[in-house]
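**Student:** Supplied structure: start32.txt, compact mmCIF, C-alpha atoms and all ligand atoms.
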```
# COMPACT_ATOMS: atom_id res chain seq x y z
CA MET G 1 120.19 46.30 119.23
CA ILE G 2 120.27 48.21 122.48
CA ARG G 3 119.82 45.94 125.50
CA THR G 4 120.01 48.35 128.42
CA ILE G 5 120.52 52.04 129.08
CA HIS G 6 121.41 53.21 132.55
CA ALA G 7 122.17 56.75 133.71
CA SER G 8 123.77 57.87 137.00
CA GLN G 9 124.76 61.12 138.65
CA ARG G 10 128.53 61.72 138.65
CA LEU G 11 130.79 64.79 139.06
CA ASP G 12 132.35 67.11 136.49
CA SER G 13 135.66 68.97 136.75
CA ARG G 14 134.14 71.74 138.90
CA GLY G 15 132.69 69.22 141.34
CA HIS G 16 129.21 69.83 139.95
CA PRO G 17 126.92 66.88 139.28
CA THR G 18 126.62 65.64 135.72
CA VAL G 19 125.03 62.80 133.78
CA GLN G 20 126.78 59.52 133.04
CA VAL G 21 125.17 57.05 130.65
CA ARG G 22 126.00 53.38 130.16
CA LEU G 23 124.44 51.75 127.13
CA THR G 24 124.72 48.00 126.51
CA THR G 25 124.51 46.14 123.19
CA SER G 26 125.78 42.72 122.15
CA ALA G 27 129.13 44.45 121.43
CA GLY G 28 129.66 45.56 125.04
CA VAL G 29 129.01 48.47 127.43
CA PHE G 30 129.45 52.02 126.13
CA ALA G 31 129.68 55.02 128.42
CA SER G 32 129.50 58.78 128.13
CA LEU G 33 129.83 61.73 130.50
CA VAL G 34 128.18 65.05 129.70
CA PRO G 35 130.02 68.42 130.03
CA SER G 36 128.60 71.73 131.26
CA GLY G 37 129.35 75.40 130.58
CA ALA G 38 129.75 78.42 132.88
CA SER G 39 129.50 81.17 130.25
CA LYS G 40 126.34 79.74 128.77
CA GLY G 41 124.52 81.43 125.92
CA ALA G 42 120.79 82.15 126.01
CA TYR G 43 120.21 80.08 122.85
CA GLU G 44 121.68 76.82 124.09
CA ALA G 45 119.62 73.66 124.55
CA HIS G 46 118.34 73.33 128.10
CA GLU G 47 120.49 71.69 130.75
CA LEU G 48 118.13 70.17 133.30
CA ARG G 49 119.14 70.79 136.94
CA ASP G 50 117.13 69.73 139.97
CA GLN G 51 116.95 73.20 141.58
CA ASN G 52 116.76 71.49 144.96
CA PRO G 53 118.66 73.86 147.30
CA HIS G 54 119.30 71.05 149.78
CA GLU G 55 121.39 69.02 147.36
CA PHE G 56 124.50 70.22 145.53
CA HIS G 57 123.33 73.84 145.90
CA GLY G 58 120.49 73.12 143.49
CA LEU G 59 122.79 71.72 140.79
CA GLY G 60 121.82 68.03 141.05
CA VAL G 61 120.90 66.25 137.80
CA LEU G 62 118.73 63.47 139.20
CA ARG G 63 115.74 64.59 137.14
CA ALA G 64 117.80 64.23 133.97
CA VAL G 65 119.14 60.87 135.21
CA ASN G 66 115.61 59.64 135.90
CA ASN G 67 114.45 60.85 132.50
CA VAL G 68 117.08 58.59 130.92
CA ASN G 69 116.21 55.60 133.07
CA ASP G 70 112.42 55.93 133.14
CA VAL G 71 111.49 57.65 129.88
CA ILE G 72 114.26 57.40 127.29
CA ALA G 73 115.51 53.87 128.02
CA PRO G 74 112.20 51.99 127.68
CA ALA G 75 111.08 54.01 124.65
CA LEU G 76 114.39 53.72 122.78
CA ILE G 77 114.94 50.03 123.53
CA ALA G 78 111.41 49.25 122.29
CA ARG G 79 112.25 50.79 118.90
CA ASN G 80 114.92 48.13 118.16
CA PHE G 81 117.31 50.61 116.58
CA ASP G 82 120.66 49.32 115.36
CA CYS G 83 123.40 51.68 116.62
CA SER G 84 125.70 50.75 113.73
CA THR G 85 123.32 52.16 111.10
CA ASP G 86 120.70 54.23 112.90
CA LEU G 87 122.45 57.04 114.80
CA ALA G 88 120.58 59.75 112.86
CA ARG G 89 117.29 57.99 113.52
CA ILE G 90 118.11 57.49 117.20
CA ASP G 91 118.93 61.19 117.56
CA ALA G 92 115.75 62.24 115.73
CA PHE G 93 113.75 59.92 117.96
CA LEU G 94 115.31 61.40 121.12
CA ASP G 95 114.50 64.88 119.89
CA SER G 96 110.87 64.00 119.13
CA LEU G 97 110.49 62.12 122.42
CA ASP G 98 111.47 65.35 124.15
CA GLY G 99 109.12 67.35 121.95
CA SER G 100 110.20 70.82 123.12
CA ALA G 101 112.15 73.34 121.04
CA ASP G 102 115.15 73.38 123.38
CA LYS G 103 115.13 69.86 124.89
CA SER G 104 113.87 71.28 128.16
CA ARG G 105 111.41 68.48 128.87
CA LEU G 106 113.89 65.61 129.19
CA GLY G 107 117.02 67.79 129.38
CA ALA G 108 119.75 68.20 126.78
CA ASN G 109 122.13 66.68 129.33
CA ALA G 110 119.99 63.50 129.45
CA ILE G 111 119.63 63.29 125.67
CA LEU G 112 123.26 64.00 124.80
CA GLY G 113 124.55 61.29 127.14
CA VAL G 114 122.46 58.71 125.30
CA SER G 115 123.40 60.04 121.86
CA MET G 116 127.14 59.89 122.59
CA ALA G 117 126.93 56.39 124.09
CA ALA G 118 124.91 55.21 121.07
CA ALA G 119 127.60 56.54 118.70
CA ARG G 120 130.25 54.62 120.63
CA ALA G 121 128.14 51.47 120.44
CA GLY G 122 127.72 51.97 116.68
CA ALA G 123 131.48 52.23 116.19
CA ALA G 124 132.11 49.07 118.22
CA GLU G 125 129.47 47.13 116.31
CA LEU G 126 131.17 48.01 113.04
CA GLY G 127 134.57 47.28 114.58
CA VAL G 128 135.92 50.75 113.72
CA PRO G 129 137.31 53.59 115.85
CA LEU G 130 134.84 56.30 116.90
CA TYR G 131 136.45 58.90 114.58
CA GLU G 132 135.92 56.59 111.60
CA PHE G 133 132.31 55.88 112.58
CA LEU G 134 131.60 59.62 112.91
CA ARG G 135 133.42 60.33 109.63
CA ARG G 136 131.10 57.90 107.82
CA GLN G 137 128.07 59.45 109.52
CA ALA G 138 129.14 62.88 108.29
CA GLU G 139 130.18 61.54 104.85
CA ALA G 140 133.50 63.30 105.24
CA ILE G 141 136.39 62.56 102.89
CA ARG G 142 139.82 61.29 103.84
CA PRO G 143 142.72 61.76 104.61
CA TYR G 144 142.08 62.34 108.26
CA ILE G 145 143.11 65.74 109.55
CA LEU G 146 144.56 66.06 113.05
CA PRO G 147 143.35 69.39 114.46
CA VAL G 148 145.63 72.17 115.68
CA PRO G 149 145.21 72.21 119.47
CA PHE G 150 144.36 75.69 120.75
CA PHE G 151 145.69 75.57 124.30
CA ASN G 152 143.92 77.97 126.66
CA VAL G 153 146.86 78.96 128.84
CA VAL G 154 145.51 82.06 130.59
CA ASN G 155 142.01 82.04 132.09
CA GLY G 156 139.84 85.05 132.87
CA GLY G 157 136.16 85.95 132.59
CA VAL G 158 133.84 83.72 134.57
CA HIS G 159 136.45 80.92 134.52
CA ALA G 160 138.84 82.52 137.02
CA GLY G 161 138.92 84.69 140.12
CA ASN G 162 141.17 87.42 138.68
CA THR G 163 139.89 90.70 137.22
CA LEU G 164 140.67 89.86 133.59
CA PRO G 165 137.49 90.47 131.55
CA PHE G 166 138.32 88.29 128.52
CA GLN G 167 137.77 84.61 129.24
CA GLU G 168 140.43 82.72 127.27
CA PHE G 169 143.89 83.35 125.85
CA MET G 170 144.97 80.54 123.58
CA ILE G 171 148.21 79.52 121.86
CA ALA G 172 148.12 77.43 118.67
CA PRO G 173 151.28 75.59 117.49
CA VAL G 174 150.54 76.01 113.78
CA ALA G 175 154.12 75.44 112.59
CA ALA G 176 154.36 71.91 114.00
CA GLN G 177 154.28 69.05 111.50
CA THR G 178 152.55 66.50 113.71
CA MET G 179 150.19 66.40 116.67
CA GLN G 180 152.98 64.96 118.77
CA VAL G 181 155.21 67.97 118.18
CA ALA G 182 152.26 70.36 118.56
CA VAL G 183 151.44 68.97 122.00
CA GLN G 184 155.10 69.03 123.01
CA TRP G 185 155.53 72.68 122.04
CA GLY G 186 152.28 73.61 123.77
CA ALA G 187 153.37 71.90 126.98
CA GLU G 188 156.82 73.52 126.81
CA VAL G 189 155.36 77.00 126.48
CA TYR G 190 152.89 76.24 129.27
CA MET G 191 155.73 75.21 131.62
CA GLU G 192 157.72 78.30 130.67
CA LEU G 193 154.68 80.50 131.18
CA LYS G 194 154.44 79.25 134.73
CA LYS G 195 157.98 80.51 135.37
CA VAL G 196 157.26 83.88 133.76
CA VAL G 197 154.05 84.30 135.79
CA LYS G 198 155.90 83.37 138.98
CA GLU G 199 158.72 85.86 138.32
CA ARG G 200 156.31 88.73 137.65
CA TYR G 201 153.48 88.07 140.08
CA GLY G 202 154.84 85.60 142.65
CA GLY G 203 154.18 81.93 143.34
CA GLN G 204 150.60 82.53 144.42
CA ALA G 205 149.75 83.61 140.89
CA THR G 206 150.49 80.19 139.43
CA GLY G 207 147.18 78.64 140.46
CA VAL G 208 145.01 77.65 137.52
CA GLY G 209 141.47 78.46 136.40
CA ASP G 210 138.63 76.20 135.29
CA GLU G 211 140.30 75.22 132.03
CA GLY G 212 143.80 74.70 133.41
CA GLY G 213 145.26 78.04 132.29
CA PHE G 214 147.01 80.37 134.73
CA ALA G 215 144.95 83.14 136.25
CA PRO G 216 147.45 85.88 137.19
CA PRO G 217 146.24 89.14 138.76
CA VAL G 218 146.02 91.15 135.54
CA SER G 219 143.17 93.15 134.03
CA GLU G 220 144.47 94.02 130.58
CA ALA G 221 144.58 91.80 127.51
CA HIS G 222 147.89 93.25 126.35
CA GLU G 223 149.58 92.26 129.63
CA VAL G 224 148.52 88.65 129.01
CA LEU G 225 149.65 88.72 125.40
CA GLU G 226 153.06 90.02 126.54
CA LEU G 227 153.33 87.06 128.92
CA LEU G 228 152.47 84.66 126.10
CA ALA G 229 154.96 86.23 123.71
CA THR G 230 157.69 86.08 126.38
CA ALA G 231 157.03 82.41 127.15
CA VAL G 232 156.99 81.47 123.46
CA ASN G 233 160.25 83.36 122.81
CA ASN G 234 162.00 81.98 125.90
CA CYS G 235 161.28 78.48 124.60
CA GLY G 236 162.83 79.27 121.22
CA HIS G 237 159.46 78.87 119.52
CA THR G 238 159.25 82.38 118.10
CA GLY G 239 157.03 82.49 115.02
CA LYS G 240 155.67 78.97 115.48
CA PHE G 241 152.49 79.91 117.36
CA GLU G 242 149.38 81.87 116.59
CA PHE G 243 147.36 83.41 119.42
CA ALA G 244 143.59 83.41 119.91
CA ILE G 245 141.13 85.04 122.31
CA ASP G 246 137.69 84.02 123.49
CA ALA G 247 136.36 87.29 124.87
CA ALA G 248 133.01 85.68 125.87
CA ALA G 249 131.62 89.21 125.61
CA THR G 250 128.03 88.28 126.43
CA GLU G 251 129.21 88.11 130.06
CA PHE G 252 130.15 91.79 130.19
CA TYR G 253 127.58 93.36 127.87
CA ARG G 254 125.02 95.79 129.27
CA PRO G 255 122.13 95.47 126.83
CA GLU G 256 120.07 98.33 128.31
CA GLU G 257 122.86 100.80 127.62
CA GLY G 258 124.42 99.06 124.61
CA VAL G 259 127.91 99.17 126.18
CA TYR G 260 130.49 96.73 127.52
CA ASP G 261 131.91 96.73 131.05
CA LEU G 262 135.52 95.53 131.13
CA GLY G 263 135.54 95.97 134.90
CA PHE G 264 132.64 93.59 135.49
CA LYS G 265 134.67 91.38 137.80
CA SER G 266 136.41 94.08 139.80
CA GLY G 267 133.30 95.82 141.17
CA ARG G 268 134.58 99.01 139.50
CA PRO G 269 132.90 99.56 136.11
CA ARG G 270 135.15 100.18 133.11
CA ILE G 271 132.61 101.04 130.47
CA VAL G 272 133.61 100.95 126.81
CA SER G 273 131.46 101.60 123.75
CA LYS G 274 131.01 99.00 121.03
CA GLU G 275 133.31 101.07 118.82
CA SER G 276 136.08 101.24 121.44
CA LEU G 277 135.89 97.51 122.02
CA ARG G 278 136.21 96.95 118.29
CA GLU G 279 139.21 99.27 118.18
CA LEU G 280 140.77 97.46 121.13
CA TYR G 281 140.58 94.15 119.24
CA LYS G 282 142.01 95.69 116.10
CA ASP G 283 144.88 97.17 118.06
CA LEU G 284 145.67 93.81 119.68
CA ILE G 285 145.55 92.09 116.28
CA THR G 286 148.15 94.48 114.85
CA LYS G 287 150.49 94.03 117.82
CA TYR G 288 150.29 90.28 118.38
CA PRO G 289 149.83 87.23 116.13
CA ILE G 290 146.12 86.92 116.95
CA ARG G 291 144.37 85.02 114.17
CA LEU G 292 141.11 84.05 115.86
CA ILE G 293 138.68 85.84 118.15
CA GLU G 294 135.64 84.10 119.58
CA ASP G 295 132.58 85.95 120.86
CA PRO G 296 134.10 89.43 120.49
CA PHE G 297 130.59 90.82 121.07
CA ALA G 298 127.45 89.72 122.88
CA GLN G 299 125.03 87.12 121.54
CA ASP G 300 122.48 89.71 120.32
CA ASP G 301 124.77 92.57 119.33
CA TRP G 302 124.56 91.58 115.64
CA ASP G 303 125.65 94.94 114.20
CA SER G 304 128.94 94.95 116.09
CA TRP G 305 129.67 91.44 114.85
CA ALA G 306 128.93 92.34 111.23
CA GLN G 307 131.01 95.47 111.33
CA PHE G 308 134.00 93.77 112.93
CA HIS G 309 133.72 90.93 110.43
CA GLU G 310 133.84 93.39 107.57
CA GLU G 311 136.87 95.17 108.96
CA THR G 312 139.16 92.25 109.73
CA LYS G 313 140.45 89.18 107.97
CA ILE G 314 140.96 86.95 110.99
CA GLU G 315 138.71 84.07 111.99
CA ILE G 316 135.68 85.29 113.94
CA VAL G 317 134.02 82.46 115.81
CA GLY G 318 130.42 82.45 117.01
CA ASP G 319 129.88 80.62 120.30
CA ASP G 320 127.02 82.19 122.32
CA LEU G 321 126.02 83.86 119.05
CA LEU G 322 125.30 80.55 117.29
CA ALA G 323 124.84 77.98 120.06
CA THR G 324 125.61 75.18 117.53
CA ASN G 325 122.12 75.83 116.19
CA ILE G 326 121.37 75.69 112.47
CA GLU G 327 118.72 78.42 112.68
CA ARG G 328 121.16 80.83 114.34
CA ILE G 329 123.81 79.89 111.75
CA LYS G 330 121.39 80.87 108.96
CA VAL G 331 120.80 84.28 110.50
CA ALA G 332 124.53 84.82 111.02
CA VAL G 333 125.25 83.93 107.39
CA GLU G 334 122.60 86.38 106.25
CA LYS G 335 123.93 89.14 108.45
CA LYS G 336 127.57 88.30 107.63
CA ALA G 337 128.23 88.30 111.37
CA CYS G 338 131.13 85.84 111.54
CA ASN G 339 133.02 83.23 109.55
CA ALA G 340 133.31 80.24 111.89
CA LEU G 341 131.19 78.02 114.11
CA LEU G 342 132.17 76.99 117.61
CA LEU G 343 130.93 73.40 117.83
CA LYS G 344 129.77 72.27 121.29
CA LEU G 345 127.76 69.07 121.52
CA ASN G 346 125.77 70.05 124.58
CA GLN G 347 124.64 73.37 123.09
CA ILE G 348 122.37 71.43 120.75
CA GLY G 349 122.02 68.07 122.51
CA THR G 350 122.60 65.32 119.94
CA VAL G 351 125.63 64.19 117.95
CA THR G 352 123.68 64.27 114.67
CA GLU G 353 122.43 67.83 115.11
CA ALA G 354 125.95 68.98 116.01
CA MET G 355 127.30 67.34 112.85
CA ASN G 356 124.57 68.99 110.79
CA ALA G 357 125.51 72.37 112.25
CA ALA G 358 129.11 71.71 111.18
CA LYS G 359 128.03 70.71 107.68
CA SER G 360 125.86 73.76 107.27
CA SER G 361 128.79 75.95 108.36
CA PHE G 362 131.14 74.29 105.88
CA ASP G 363 128.48 74.67 103.16
CA ASN G 364 128.56 78.39 103.77
CA GLY G 365 132.33 78.56 103.46
CA TRP G 366 132.94 78.93 107.18
CA SER G 367 135.40 77.01 109.30
CA VAL G 368 134.47 74.93 112.34
CA PHE G 369 136.23 74.99 115.72
CA VAL G 370 135.40 72.06 118.03
CA SER G 371 135.17 72.90 121.74
CA HIS G 372 135.03 71.42 125.21
CA ARG G 373 133.10 73.11 128.06
CA SER G 374 134.58 74.74 131.13
CA GLY G 375 132.89 72.09 133.27
CA GLU G 376 134.40 69.01 131.63
CA THR G 377 134.77 65.31 132.31
CA THR G 378 137.23 62.59 131.39
CA ASP G 379 135.13 61.80 128.31
CA ASP G 380 137.27 62.32 125.19
CA PHE G 381 134.50 62.19 122.54
CA ILE G 382 135.32 65.60 121.02
CA ALA G 383 138.82 64.48 119.99
CA ASP G 384 137.33 61.86 117.68
CA LEU G 385 134.67 64.30 116.53
CA ALA G 386 137.24 66.90 115.43
CA VAL G 387 139.18 64.30 113.44
CA ALA G 388 136.00 62.88 111.88
CA LEU G 389 134.71 66.26 110.73
CA ARG G 390 138.12 67.54 109.52
CA THR G 391 137.60 70.74 111.46
CA GLY G 392 141.34 71.52 111.46
CA HIS G 393 141.29 72.97 114.97
CA LEU G 394 139.96 72.24 118.42
CA LYS G 395 140.11 73.80 121.89
CA ALA G 396 140.19 71.65 125.00
CA GLY G 397 141.88 73.90 127.56
CA ALA G 398 145.46 73.98 128.81
CA PRO G 399 147.87 71.04 128.58
CA CYS G 400 147.05 70.58 132.28
CA ARG G 401 144.21 69.01 134.35
CA GLY G 402 143.07 65.48 133.56
CA GLU G 403 139.78 66.42 131.92
CA ARG G 404 141.69 68.64 129.46
CA VAL G 405 144.72 66.46 128.67
CA VAL G 406 142.51 63.41 128.09
CA LYS G 407 141.41 65.06 124.83
CA TYR G 408 144.96 65.87 123.72
CA ASN G 409 146.16 62.41 124.72
CA ARG G 410 143.38 60.84 122.68
CA LEU G 411 144.48 62.87 119.64
CA LEU G 412 148.03 61.56 120.15
CA ASP G 413 146.65 58.01 120.25
CA ILE G 414 144.70 58.61 117.05
CA GLU G 415 147.76 60.01 115.32
CA GLU G 416 149.92 57.10 116.42
CA GLU G 417 147.28 54.61 115.30
CA LEU G 418 146.89 56.23 111.88
CA HIS G 419 150.62 56.59 111.30
CA SER G 420 151.21 52.95 112.11
CA GLN G 421 148.48 51.93 109.66
CA GLY G 422 148.99 54.07 106.63
CA GLY G 423 151.87 56.43 107.17
CA LEU G 424 151.48 60.06 106.22
CA THR G 425 149.07 59.41 103.36
CA MET G 426 146.36 58.47 105.86
CA THR G 427 146.59 61.57 108.03
CA HIS G 428 147.90 65.11 108.18
CA TYR G 429 148.29 67.65 110.93
CA ALA G 430 146.29 70.70 109.83
CA GLY G 431 149.01 73.21 110.77
CA ALA G 432 148.68 76.76 109.43
CA LYS G 433 145.94 75.65 107.02
CA TYR G 434 143.46 74.84 109.78
CA ARG G 435 140.96 77.35 108.47
CA SER G 436 140.74 75.98 104.96
CA MET G 437 139.86 72.45 106.01
CA ASP G 438 136.41 70.98 105.68
CA ILE G 439 134.62 67.66 105.26
CA PHE G 440 134.70 67.94 101.46
CA GLY G 441 138.31 68.90 100.83
CA GLY G 442 141.53 70.60 101.85
CA LEU G 443 145.09 69.28 102.25
C1 LIG G 501 133.47 78.88 125.87
C2 LIG G 501 133.46 77.70 126.81
C3 LIG G 501 134.56 76.71 126.65
P1 LIG G 501 131.89 77.57 128.84
O1 LIG G 501 132.97 79.96 126.20
O2 LIG G 501 133.91 78.75 124.74
O3 LIG G 501 135.84 77.24 126.69
O4 LIG G 501 133.24 78.07 128.14
O5 LIG G 501 131.88 76.09 128.74
O6 LIG G 501 131.97 78.09 130.24
O7 LIG G 501 130.76 78.18 128.06
MG MG G 502 133.27 80.75 124.08
```
Output the file's structure as structure tokens, nothing else.
**Tutor:**
Amino acid sequence: MIRTIHASQRLDSRGHPTVQVRLTTSAGVFASLVPSGASKGAYEAHELRDQNPHEFHGLGVLRAVNNVNDVIAPALIARNFDCSTDLARIDAFLDSLDGSADKSRLGANAILGVSMAAARAGAAELGVPLYEFLRRQAEAIRPYILPVPFFNVVNGGVHAGNTLPFQEFMIAPVAAQTMQVAVQWGAEVYMELKKVVKERYGGQATGVGDEGGFAPPVSEAHEVLELLATAVNNCGHTGKFEFAIDAAATEFYRPEEGVYDLGFKSGRPRIVSKESLRELYKDLITKYPIRLIEDPFAQDDWDSWAQFHEETKIEIVGDDLLATNIERIKVAVEKKACNALLLKLNQIGTVTEAMNAAKSSFDNGWSVFVSHRSGETTDDFIADLAVALRTGHLKAGAPCRGERVVKYNRLLDIEEELHSQGGLTMTHYAGAKYRSMDIFGGL
């Protein structure tokens, strides 16, 4: 039974206010911190901000905090839910208490904080780790799968001050055999990349963006991919990594004209047609080991998505396109727009709905890629979530900045814990098979 629920305003990794929740049961106190995006899609659940220009430039979350303390806490406590068995019911109750279609009344940031803390309480009451509690909730099979970490080592788009239009350039150590080796290789390439960036662009270029990746003064994707290839080769890791891009193309789409502006950050337009953008991706895929592209097109440019999907075999991940929303997933399946879901808890607002979005994606033969937000916290919930749902891959930024490495460190803890309990029969690192994993089977 829940005894108390208390929310407070705290800071995220950008120094913006966010919601912290502390939920108490007989098993202890369980906390959560809610993340926040910068390249937000139009179909995401509503993040409630105070809009008071005199505090935090309007970004305060005291209304969301008060909604937890004054509305959610009394109503939820009165229902006598048991966190160990009732997470789905708790989440459904939170959704109905809000009553709006996009959680705009109470705020998805208020609701998610409570949902995550309730899941932690449920795990503690059963005496199991969070990943095991979430696995049971999702009715996922075992063995556990440790996800391939997609390290975002070069930042662009709205996550960095350079003129690079694409938002994220990721490296994935698919040839590693364990999470421990995967993280080591990722960190080695990251350190080497710093040297390469410094040699080419000077020491000032080694500052990092919102997700811990470098943000050198480049504008072209192929320049970045050259840097990545050089760093990987210098480390002796040739052939062991796949590359991935999150273009976050909604940010540079011009819907009135139906074109994309690759110069959107430089003040000098560099207009490309949908066809040229598609050709650019295809060219990059043939030249570099790119196996995943996220948001190659804008959230409403369905035809471009479908055409690109038909023409390439790589993983095409819907982020803004899907917003972790089952209704959007249905449309995307119908239109054959993509073949993978980007799973972000705060896009939908409860743990249960996010898990249902993952299940529906797996049901349709897609893969699922778990994600952090660019405004993150030291909460490591998504590491357990990725293991629980057997998603095979996850992105949590560079192997740098506390709010990023806390997720990778948690995955190392989980691996160590599982190895010490059951050896390799209990757990596998997904490796190159990350796309064929799901809650029902694989490996
Ligand atoms: C994305 C995310 C996380 P943001 O676009 O995938 O990397 O960025 O949280 O800013 O939406
Ligand atoms: Mg994205």
**Student:** Which polymer residues have any atom within 6 Å of an atom of segment 306-320 of chain G, counting all atoms listed in the file, with same-chain residues fewer than 6 positions away left out, as an MDAnalysis selection string?
**Tutor:** chainID G and resid 41 291:295 299 336:342
**Student:** Go through the chains and note each residue within 12 Å of ligand MG 502 (chain G), using only C-alpha atoms and all ligand atoms, then give the set as a PyMOL selection string.
**Tutor:** chain G and resi 37-41+152+155-159+166-170+211+244-251+292-299+316-324+341-344+347+369-374+395-397
**Student:** Using all atoms listed in the file, can you tell me which of G:Tyr190, G:Phe133, G:Phe81, G:Phe151 comes closest to ligand LIG 501 (chain G)?
**Tutor:**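 Selected residue with least distance to ligand LIG 501 (chain G): G:Phe151.
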**Student:** For Ala221 of chain G, please output as a list in words all residues within 9 Å (counting all atoms listed in the file; exclusion window: fewer than 4 positions along the same chain).
**Tutor:**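 So, after excluding close chain neighbours, the residues are Leu164, Pro165, Phe166, Phe169, Leu225, Glu226 and Leu284 of chain G.
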**Student:** Using all atoms listed in the file, which of the listed residues (G:Ala398, G:Asn364, G:Gly127, G:Glu223) sits closest to Glu188 of chain G?
**Tutor:**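 Once distances to Glu188 of chain G are computed over all atoms listed in the file, the minimum belongs to G:Ala398.
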**Student:** Put the listed atoms of ligand LIG 501 (chain G) in a box along x, y and z with 3 Å added on every side and give me the centre and edge lengths in Å to one decimal, as JSON.
**Tutor:**
```
{"center_x": 133.3, "center_y": 78.0, "center_z": 127.5, "size_x": 11.1, "size_y": 9.9, "size_z": 11.5}
```
**Student:** Could you tell me how far atom CA of Thr391 of chain G lies from atom CA of Asp438 of chain G, in Å and to one decimal?
**Tutor:**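 Separation of atom CA of Thr391 of chain G and atom CA of Asp438 of chain G: 5.9 Å.
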**Student:** Ranking G:Ala78, G:Ile326, G:Val68, G:Ala432 by minimum distance to Ala182 of chain G and counting all atoms listed in the file, which one comes first?
**Tutor:**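 For Ala182 of chain G, the nearest of the candidates is G:Ala432.
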**Student:** When you count only C-alpha atoms, which of these residues is closest to Leu11 of chain G: G:Phe56, G:Tyr408, G:Tyr144, G:Phe241?
**Tutor:**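 Smallest distance to Leu11 of chain G is found for G:Phe56.
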**Student:** What does the structure give for the distance between atom CA of Cys235 of chain G and atom CA of Gly213 of chain G, in Å to one decimal?
**Tutor:** 17.8 Å
**Student:** With only C-alpha atoms as the atoms that count, which of G:Thr352, G:Asn52, G:Thr378, G:Thr25 lies nearest to Asn409 of chain G?
**Tutor:**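 Answer, going by the shortest atom-to-atom distance: G:Thr378.
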**Student:** Using only C-alpha atoms, which of G:Asp95, G:Asp380, G:Glu199, G:Asp12 sits nearest Leu112 of chain G?
**Tutor:**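 Between G:Asp95, G:Asp380, G:Glu199, G:Asp12, the residue approaching Leu112 of chain G most closely is G:Asp95.
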**Student:** Show which residues sit within 8 Å of segment 260-266 of chain G, as JSON, numbers by chain. Count only C-alpha atoms, and ignore same-chain residues fewer than 5 positions away.
**Tutor:** {"G": [157, 162, 163, 164, 165, 249, 252, 253, 254, 271, 272, 273, 274, 277]}
**Student:** What separation in Å, quoted to one decimal, exists between atom CA of Ala205 of chain G and atom CA of Gln180 of chain G?
**Tutor:**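 Result for atom CA of Ala205 of chain G versus atom CA of Gln180 of chain G: 29.1 Å, one decimal.
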**Student:** Need to verify the contact set: Thr427 of chain G, 12 Å, all atoms listed in the file, exclusion of same-chain residues closer than 2 positions in sequence. Can you return it as a PyMOL selection string?
**Tutor:** chain G and resi 141-147+177-179+387-388+390+392+411+414-425+429-430+443
**Student:** Please list as a ChimeraX atom specification every residue within 9 Å of Glu139 of chain G, counting only C-alpha atoms and excluding residues in the same chain fewer than 3 positions away.
**Tutor:** /G:134-136,389,439-440
